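Structure data follow from start-v7.cif (mmCIF, C-alpha atoms):
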```cif
data_target
#
loop_
_atom_site.group_PDB
_atom_site.id
_atom_site.type_symbol
_atom_site.label_atom_id
_atom_site.label_comp_id
_atom_site.auth_asym_id
_atom_site.auth_seq_id
_atom_site.Cartn_x
_atom_site.Cartn_y
_atom_site.Cartn_z
ATOM 1 C CA MET N 1 3.627 -23.091 -19.999
ATOM 2 C CA ALA N 2 1.706 -19.809 -19.986
ATOM 3 C CA ILE N 3 3.565 -16.523 -19.876
ATOM 4 C CA HIS N 4 2.306 -14.010 -17.352
ATOM 5 C CA LYS N 5 1.142 -10.863 -19.089
ATOM 6 C CA LYS N 6 2.702 -8.791 -16.292
ATOM 7 C CA GLU N 7 6.125 -9.695 -17.639
ATOM 8 C CA ALA N 8 5.387 -7.508 -20.677
ATOM 9 C CA PHE N 9 5.514 -4.428 -18.426
ATOM 10 C CA THR N 10 8.450 -2.731 -16.747
ATOM 11 C CA GLN N 11 9.272 -3.459 -13.131
ATOM 12 C CA THR N 12 8.355 0.127 -12.249
ATOM 13 C CA GLU N 13 4.915 -0.305 -13.834
ATOM 14 C CA GLN N 14 4.401 -3.578 -11.967
ATOM 15 C CA ASP N 15 5.536 -2.038 -8.661
ATOM 16 C CA LEU N 16 3.213 0.947 -9.060
ATOM 17 C CA ALA N 17 0.294 -1.344 -9.885
ATOM 18 C CA ASN N 18 0.995 -3.496 -6.813
ATOM 19 C CA PHE N 19 1.195 -0.375 -4.653
ATOM 20 C CA ALA N 20 -2.100 0.920 -6.034
ATOM 21 C CA LYS N 21 -3.722 -2.484 -5.529
ATOM 22 C CA ALA N 22 -2.615 -2.544 -1.897
ATOM 23 C CA LEU N 23 -4.285 0.845 -1.385
ATOM 24 C CA SER N 24 -7.419 -0.063 -3.332
ATOM 25 C CA HIS N 25 -9.625 -0.817 -0.331
ATOM 26 C CA PRO N 26 -11.014 1.930 1.928
ATOM 27 C CA ALA N 27 -10.284 -0.165 5.033
ATOM 28 C CA ARG N 28 -6.583 -0.168 4.141
ATOM 29 C CA ILE N 29 -6.615 3.601 3.740
ATOM 30 C CA ALA N 30 -8.275 3.872 7.173
ATOM 31 C CA ILE N 31 -5.684 1.522 8.700
ATOM 32 C CA LEU N 32 -2.866 3.640 7.278
ATOM 33 C CA LYS N 33 -4.463 6.780 8.716
ATOM 34 C CA VAL N 34 -4.634 5.154 12.162
ATOM 35 C CA LEU N 35 -1.021 4.030 11.950
ATOM 36 C CA ALA N 36 0.119 7.484 10.816
ATOM 37 C CA GLN N 37 -1.671 9.132 13.747
ATOM 38 C CA LYS N 38 -0.270 6.775 16.365
ATOM 39 C CA ASN N 39 3.093 6.124 14.692
ATOM 40 C CA GLU N 40 2.637 2.510 15.784
ATOM 41 C CA CYS N 41 -0.371 0.526 16.782
ATOM 42 C CA ILE N 42 -1.459 -2.759 18.274
ATOM 43 C CA CYS N 43 -3.834 -4.698 16.022
ATOM 44 C CA GLY N 44 -6.514 -4.734 18.727
ATOM 45 C CA GLU N 45 -6.569 -0.942 18.803
ATOM 46 C CA ILE N 46 -7.207 -0.839 15.064
ATOM 47 C CA VAL N 47 -10.088 -3.277 15.492
ATOM 48 C CA GLU N 48 -11.606 -1.012 18.168
ATOM 49 C CA ILE N 49 -11.465 2.004 15.826
ATOM 50 C CA LEU N 50 -12.695 0.424 12.579
ATOM 51 C CA PRO N 51 -16.142 -1.112 12.037
ATOM 52 C CA LEU N 52 -14.588 -4.427 10.989
ATOM 53 C CA ALA N 53 -14.061 -7.834 12.538
ATOM 54 C CA GLN N 54 -10.617 -8.682 13.883
ATOM 55 C CA SER N 55 -10.113 -11.306 11.178
ATOM 56 C CA THR N 56 -10.933 -8.764 8.466
ATOM 57 C CA VAL N 57 -8.511 -6.218 9.911
ATOM 58 C CA SER N 58 -5.840 -8.917 10.092
ATOM 59 C CA GLN N 59 -6.372 -9.742 6.414
ATOM 60 C CA HIS N 60 -6.026 -6.091 5.419
ATOM 61 C CA LEU N 61 -2.890 -5.770 7.571
ATOM 62 C CA LYS N 62 -1.490 -8.828 5.812
ATOM 63 C CA GLU N 63 -2.112 -7.246 2.387
ATOM 64 C CA LEU N 64 -0.443 -4.006 3.454
ATOM 65 C CA LYS N 65 2.501 -5.906 4.890
ATOM 66 C CA ASN N 66 2.859 -8.066 1.755
ATOM 67 C CA ALA N 67 3.027 -4.851 -0.274
ATOM 68 C CA ASP N 68 5.777 -3.622 2.100
ATOM 69 C CA LEU N 69 3.670 -0.596 3.043
ATOM 70 C CA ILE N 70 3.731 -1.502 6.716
ATOM 71 C CA GLN N 71 6.156 -3.298 8.966
ATOM 72 C CA GLY N 72 5.116 -5.383 11.905
ATOM 73 C CA THR N 73 6.175 -7.650 14.688
ATOM 74 C CA VAL N 74 4.231 -10.348 16.454
ATOM 75 C CA ASP N 75 4.914 -10.932 20.143
ATOM 76 C CA GLY N 76 2.534 -13.615 21.326
ATOM 77 C CA PRO N 77 -1.027 -12.303 21.116
ATOM 78 C CA ARG N 78 0.184 -8.738 20.446
ATOM 79 C CA SER N 79 0.937 -7.493 16.965
ATOM 80 C CA CYS N 80 2.564 -4.121 16.482
ATOM 81 C CA TYR N 81 2.555 -2.373 13.107
ATOM 82 C CA CYS N 82 3.974 0.848 11.708
ATOM 83 C CA ILE N 83 4.132 2.494 8.294
ATOM 84 C CA ASN N 84 7.145 1.787 6.114
ATOM 85 C CA TRP N 85 7.880 5.399 5.177
ATOM 86 C CA LYS N 86 10.761 4.439 2.863
ATOM 87 C CA ALA N 87 8.341 2.469 0.679
ATOM 88 C CA PHE N 88 5.900 5.396 0.613
ATOM 89 C CA GLU N 89 8.672 7.781 -0.405
ATOM 90 C CA LYS N 90 9.721 5.445 -3.224
ATOM 91 C CA PHE N 91 6.190 5.139 -4.560
ATOM 92 C CA SER N 92 5.457 8.830 -4.111
ATOM 93 C CA THR N 93 8.439 9.633 -6.301
ATOM 94 C CA SER N 94 7.390 7.024 -8.872
ATOM 95 C CA PHE N 95 3.773 8.227 -8.986
ATOM 96 C CA ASN N 96 4.862 11.839 -9.334
ATOM 97 C CA ALA N 97 7.101 10.862 -12.254
ATOM 98 C CA LEU N 98 4.222 8.944 -13.844
ATOM 99 C CA PHE N 99 1.789 11.840 -13.438
ATOM 100 C CA THR N 100 4.321 14.316 -14.815
ATOM 101 C CA ASN N 101 4.886 12.082 -17.828
ATOM 102 C CA LEU N 102 1.138 11.705 -18.371
ATOM 103 C CA LYS N 103 0.665 15.479 -18.214
ATOM 104 C CA ILE N 104 3.369 15.953 -20.826
ATOM 105 C CA GLN N 105 1.597 13.416 -23.048
ATOM 106 C CA GLN N 106 -1.737 15.158 -22.438
ATOM 107 C CA SER N 107 -0.438 18.305 -24.094
ATOM 108 C CA LYS N 108 0.063 16.206 -27.239
ATOM 109 C CA SER N 109 -3.401 14.663 -26.974
ATOM 110 C CA CYS N 110 -6.043 15.044 -29.664
ATOM 111 C CA CYS N 111 -8.912 15.482 -27.178
#
```

As C-alpha coordinates, please, write out the structure in this file.
Amino acid sequence: MAIHKKEAFTQTEQDLANFAKALSHPARIAILKVLAQKNECICGEIVEILPLAQSTVSQHLKELKNADLIQGTVDGPRSCYCINWKAFEKFSTSFNALFTNLKIQQSKSCC
(Lines of atoms letter the chains of each structure in order from A and count residues from 1; the text may use other names and numbers.)
(Lines give C-alpha, C1' and ligand atoms only; values in the text may rest on other atoms or scores of the structure.)
Protein backbone atom coordinates (compact mmCIF):
# COMPACT_ATOMS: atom_id res chain seq x y z
CA MET A 1 0.00 0.00 0.00
CA ALA A 2 1.41 3.38 -1.02
CA ILE A 3 1.88 6.10 1.56
CA HIS A 4 0.58 9.51 0.61
CA LYS A 5 3.40 12.03 0.54
CA LYS A 6 1.08 14.61 2.13
CA GLU A 7 1.29 12.67 5.38
CA ALA A 8 4.93 13.78 5.67
CA PHE A 9 3.75 17.36 6.23
CA THR A 10 2.05 18.96 9.21
CA GLN A 11 -1.71 19.38 9.28
CA THR A 12 -1.24 23.15 9.16
CA GLU A 13 0.86 22.85 6.00
CA GLN A 14 -1.74 20.58 4.41
CA ASP A 15 -4.59 22.92 5.39
CA LEU A 16 -2.81 25.96 3.97
CA ALA A 17 -2.08 24.11 0.73
CA ASN A 18 -5.73 23.06 0.41
CA PHE A 19 -6.84 26.64 1.05
CA ALA A 20 -4.44 27.97 -1.57
CA LYS A 21 -5.57 25.31 -4.05
CA ALA A 22 -9.20 26.30 -3.54
CA LEU A 23 -8.28 29.91 -4.37
CA SER A 24 -6.05 28.98 -7.31
CA HIS A 25 -8.57 29.73 -10.05
CA PRO A 26 -9.53 33.30 -11.03
CA ALA A 27 -13.20 32.30 -11.32
CA ARG A 28 -13.20 31.30 -7.65
CA ILE A 29 -11.68 34.64 -6.68
CA ALA A 30 -14.41 36.38 -8.71
CA ILE A 31 -17.12 34.26 -7.04
CA LEU A 32 -15.79 35.19 -3.61
CA LYS A 33 -15.82 38.87 -4.57
CA VAL A 34 -19.47 38.59 -5.65
CA LEU A 35 -20.41 36.81 -2.44
CA ALA A 36 -18.57 39.39 -0.32
CA GLN A 37 -20.39 42.25 -2.06
CA LYS A 38 -23.84 40.72 -1.69
CA ASN A 39 -23.24 38.92 1.61
CA GLU A 40 -25.24 36.05 0.11
CA CYS A 41 -26.09 35.13 -3.41
CA ILE A 42 -28.22 32.82 -5.49
CA CYS A 43 -26.19 30.71 -7.91
CA GLY A 44 -28.11 32.10 -10.89
CA GLU A 45 -27.03 35.63 -10.01
CA ILE A 46 -23.39 34.56 -10.04
CA VAL A 47 -23.88 33.00 -13.46
CA GLU A 48 -25.34 36.28 -14.75
CA ILE A 49 -22.29 38.23 -13.51
CA LEU A 50 -19.48 35.89 -14.60
CA PRO A 51 -18.67 34.93 -18.20
CA LEU A 52 -19.05 31.23 -17.39
CA ALA A 53 -21.63 28.53 -17.96
CA GLN A 54 -23.90 27.57 -15.08
CA SER A 55 -22.29 24.13 -14.85
CA THR A 56 -18.83 25.69 -14.60
CA VAL A 57 -19.94 28.08 -11.86
CA SER A 58 -21.52 25.16 -10.00
CA GLN A 59 -18.24 23.23 -10.17
CA HIS A 60 -16.29 26.19 -8.78
CA LEU A 61 -18.89 26.64 -6.02
CA LYS A 62 -18.49 22.96 -5.18
CA GLU A 63 -14.70 23.35 -4.87
CA LEU A 64 -15.09 26.39 -2.63
CA LYS A 65 -17.64 24.58 -0.50
CA ASN A 66 -15.47 21.45 -0.22
CA ALA A 67 -12.66 23.68 1.04
CA ASP A 68 -15.10 25.12 3.62
CA LEU A 69 -14.59 28.62 2.22
CA ILE A 70 -18.29 29.04 1.51
CA GLN A 71 -21.45 27.71 3.05
CA GLY A 72 -24.57 26.99 1.09
CA THR A 73 -28.07 25.67 1.13
CA VAL A 74 -30.09 24.15 -1.67
CA ASP A 75 -33.84 24.76 -1.71
CA GLY A 76 -35.21 23.14 -4.83
CA PRO A 77 -33.83 24.94 -7.88
CA ARG A 78 -32.41 27.76 -5.73
CA SER A 79 -28.97 27.57 -4.19
CA CYS A 80 -27.87 30.20 -1.72
CA TYR A 81 -24.21 30.65 -0.79
CA CYS A 82 -22.26 32.87 1.58
CA ILE A 83 -18.63 33.18 2.65
CA ASN A 84 -17.50 31.22 5.68
CA TRP A 85 -15.70 34.09 7.43
CA LYS A 86 -14.49 31.87 10.29
CA ALA A 87 -12.52 29.76 7.81
CA PHE A 88 -11.03 32.88 6.21
CA GLU A 89 -9.99 34.21 9.61
CA LYS A 90 -8.31 30.90 10.45
CA PHE A 91 -6.38 30.81 7.20
CA SER A 92 -5.52 34.50 7.35
CA THR A 93 -3.91 33.93 10.73
CA SER A 94 -2.08 30.84 9.45
CA PHE A 95 -0.80 32.58 6.31
CA ASN A 96 0.36 35.58 8.31
CA ALA A 97 2.28 33.26 10.64
CA LEU A 98 3.82 31.49 7.64
CA PHE A 99 4.85 34.75 5.98
CA THR A 100 6.31 36.08 9.22
CA ASN A 101 8.31 32.88 9.65
CA LEU A 102 9.53 33.05 6.05
CA LYS A 103 10.63 36.66 6.52
CA ILE A 104 12.59 35.70 9.61
CA GLN A 105 14.28 32.93 7.62
CA GLN A 106 14.98 35.36 4.77
CA SER A 107 17.18 37.45 7.04
CA LYS A 108 19.35 34.34 7.47
CA SER A 109 19.41 33.66 3.73
CA CYS A 110 22.61 33.57 1.70
CA CYS A 111 21.07 35.37 -1.31

Got a sec to resolve the PyMOL selection byres ((chain N and resi 27-30) around 10) on this structure and send the residues as a PyMOL selection string?
chain N and resi 22-26+31-36+46+49-52+56-57+59-61+63-64

Could you tell me which residues the PyMOL selection byres ((chain N and resi 92-101) around 10) grabs in this file, written as an MDAnalysis selection string?
chainID N and resid 12:13 15:16 19:20 86:91 102:106

Figure out the distance between CA of Asp75 (chain N) and CA of Gln37 (chain N), please, to one decimal in Å.
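Rounded to one decimal, the two atoms are 22.1 Å apart.
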
So which one's closest to Ala17 (chain N), N:Glu48, N:Ala67, N:Thr73, N:Cys41? Using all atoms listed in the file, please.
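Closest to Ala17 (chain N), using all atoms listed in the file: N:Ala67.
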
Please indicate the distance in Å from CA of Cys82 (chain N) to CA of Glu40 (chain N), rounded to one decimal place.
4.6 Å

Box in all listed atoms of region 8-16 of chain N, axis-aligned, with 8 Å more on each side; write out centre and edge lengths in Å to one decimal as lines of an AutoDock Vina configuration file.
```
center_x = 6.2
center_y = -3.3
center_z = -14.7
size_x = 22.1
size_y = 24.5
size_z = 28.0
```

Extract, using all atoms listed in the file, all DNA, RNA and protein residues at most 7 Å from Gly72 (chain N), discarding same-chain residues fewer than 2 positions from it, and format them as a list in words.
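Close residues of Gly72 (chain N): Ile70, Val74, Ser79, Cys80, Tyr81 and Cys82 of chain N.
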
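Coordinates place CA of Lys62 (chain N) at a distance of 27.4 Å from CA of Ala8 (chain N).
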
Just so I have it separately, write region 90-107 of chain N from the block I sent, keeping N, CA, C and O atoms, as a PDB file, in the first residue's frame.
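result_3.pdb, written as the output of this step:
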```
ATOM      1  N   LYS N  90      -9.273  31.942  10.082  1.00  0.00           N
ATOM      2  CA  LYS N  90      -8.310  30.896  10.452  1.00  0.00           C
ATOM      3  C   LYS N  90      -7.131  30.874   9.476  1.00  0.00           C
ATOM      4  O   LYS N  90      -5.973  30.868   9.880  1.00  0.00           O
ATOM      5  N   PHE N  91      -7.439  30.895   8.179  1.00  0.00           N
ATOM      6  CA  PHE N  91      -6.377  30.812   7.195  1.00  0.00           C
ATOM      7  C   PHE N  91      -5.588  32.115   7.096  1.00  0.00           C
ATOM      8  O   PHE N  91      -4.392  32.096   6.837  1.00  0.00           O
ATOM      9  N   SER N  92      -6.232  33.225   7.328  1.00  0.00           N
ATOM     10  CA  SER N  92      -5.517  34.501   7.347  1.00  0.00           C
ATOM     11  C   SER N  92      -4.460  34.494   8.449  1.00  0.00           C
ATOM     12  O   SER N  92      -3.305  34.875   8.220  1.00  0.00           O
ATOM     13  N   THR N  93      -4.844  34.028   9.605  1.00  0.00           N
ATOM     14  CA  THR N  93      -3.909  33.931  10.727  1.00  0.00           C
ATOM     15  C   THR N  93      -2.771  32.975  10.392  1.00  0.00           C
ATOM     16  O   THR N  93      -1.597  33.275  10.634  1.00  0.00           O
ATOM     17  N   SER N  94      -3.097  31.836   9.803  1.00  0.00           N
ATOM     18  CA  SER N  94      -2.078  30.841   9.455  1.00  0.00           C
ATOM     19  C   SER N  94      -1.124  31.361   8.382  1.00  0.00           C
ATOM     20  O   SER N  94       0.088  31.149   8.465  1.00  0.00           O
ATOM     21  N   PHE N  95      -1.664  32.029   7.353  1.00  0.00           N
ATOM     22  CA  PHE N  95      -0.804  32.583   6.311  1.00  0.00           C
ATOM     23  C   PHE N  95       0.093  33.687   6.861  1.00  0.00           C
ATOM     24  O   PHE N  95       1.268  33.771   6.517  1.00  0.00           O
ATOM     25  N   ASN N  96      -0.462  34.520   7.710  1.00  0.00           N
ATOM     26  CA  ASN N  96       0.364  35.584   8.306  1.00  0.00           C
ATOM     27  C   ASN N  96       1.506  34.990   9.124  1.00  0.00           C
ATOM     28  O   ASN N  96       2.640  35.484   9.067  1.00  0.00           O
ATOM     29  N   ALA N  97       1.224  33.931   9.866  1.00  0.00           N
ATOM     30  CA  ALA N  97       2.278  33.263  10.639  1.00  0.00           C
ATOM     31  C   ALA N  97       3.328  32.670   9.704  1.00  0.00           C
ATOM     32  O   ALA N  97       4.533  32.776   9.957  1.00  0.00           O
ATOM     33  N   LEU N  98       2.888  32.057   8.618  1.00  0.00           N
ATOM     34  CA  LEU N  98       3.816  31.487   7.642  1.00  0.00           C
ATOM     35  C   LEU N  98       4.699  32.577   7.038  1.00  0.00           C
ATOM     36  O   LEU N  98       5.924  32.436   6.985  1.00  0.00           O
ATOM     37  N   PHE N  99       4.084  33.670   6.603  1.00  0.00           N
ATOM     38  CA  PHE N  99       4.854  34.746   5.976  1.00  0.00           C
ATOM     39  C   PHE N  99       5.829  35.374   6.961  1.00  0.00           C
ATOM     40  O   PHE N  99       6.959  35.714   6.595  1.00  0.00           O
ATOM     41  N   THR N 100       5.417  35.536   8.197  1.00  0.00           N
ATOM     42  CA  THR N 100       6.313  36.079   9.221  1.00  0.00           C
ATOM     43  C   THR N 100       7.502  35.155   9.416  1.00  0.00           C
ATOM     44  O   THR N 100       8.652  35.607   9.471  1.00  0.00           O
ATOM     45  N   ASN N 101       7.239  33.866   9.488  1.00  0.00           N
ATOM     46  CA  ASN N 101       8.307  32.882   9.653  1.00  0.00           C
ATOM     47  C   ASN N 101       9.249  32.902   8.448  1.00  0.00           C
ATOM     48  O   ASN N 101      10.475  32.842   8.610  1.00  0.00           O
ATOM     49  N   LEU N 102       8.689  33.009   7.257  1.00  0.00           N
ATOM     50  CA  LEU N 102       9.532  33.047   6.053  1.00  0.00           C
ATOM     51  C   LEU N 102      10.398  34.300   6.028  1.00  0.00           C
ATOM     52  O   LEU N 102      11.566  34.243   5.623  1.00  0.00           O
ATOM     53  N   LYS N 103       9.849  35.427   6.478  1.00  0.00           N
ATOM     54  CA  LYS N 103      10.629  36.662   6.518  1.00  0.00           C
ATOM     55  C   LYS N 103      11.779  36.551   7.509  1.00  0.00           C
ATOM     56  O   LYS N 103      12.882  37.044   7.256  1.00  0.00           O
ATOM     57  N   ILE N 104      11.526  35.909   8.624  1.00  0.00           N
ATOM     58  CA  ILE N 104      12.591  35.696   9.613  1.00  0.00           C
ATOM     59  C   ILE N 104      13.697  34.838   8.990  1.00  0.00           C
ATOM     60  O   ILE N 104      14.881  35.129   9.158  1.00  0.00           O
ATOM     61  N   GLN N 105      13.302  33.802   8.270  1.00  0.00           N
ATOM     62  CA  GLN N 105      14.281  32.927   7.615  1.00  0.00           C
ATOM     63  C   GLN N 105      15.026  33.666   6.510  1.00  0.00           C
ATOM     64  O   GLN N 105      16.200  33.384   6.269  1.00  0.00           O
ATOM     65  N   GLN N 106      14.347  34.598   5.848  1.00  0.00           N
ATOM     66  CA  GLN N 106      14.983  35.361   4.769  1.00  0.00           C
ATOM     67  C   GLN N 106      16.192  36.148   5.299  1.00  0.00           C
ATOM     68  O   GLN N 106      17.199  36.274   4.611  1.00  0.00           O
ATOM     69  N   SER N 107      16.067  36.664   6.496  1.00  0.00           N
ATOM     70  CA  SER N 107      17.178  37.446   7.043  1.00  0.00           C
ATOM     71  C   SER N 107      18.416  36.575   7.265  1.00  0.00           C
ATOM     72  O   SER N 107      19.526  37.094   7.363  1.00  0.00           O
TER      73      SER N 107
END
```
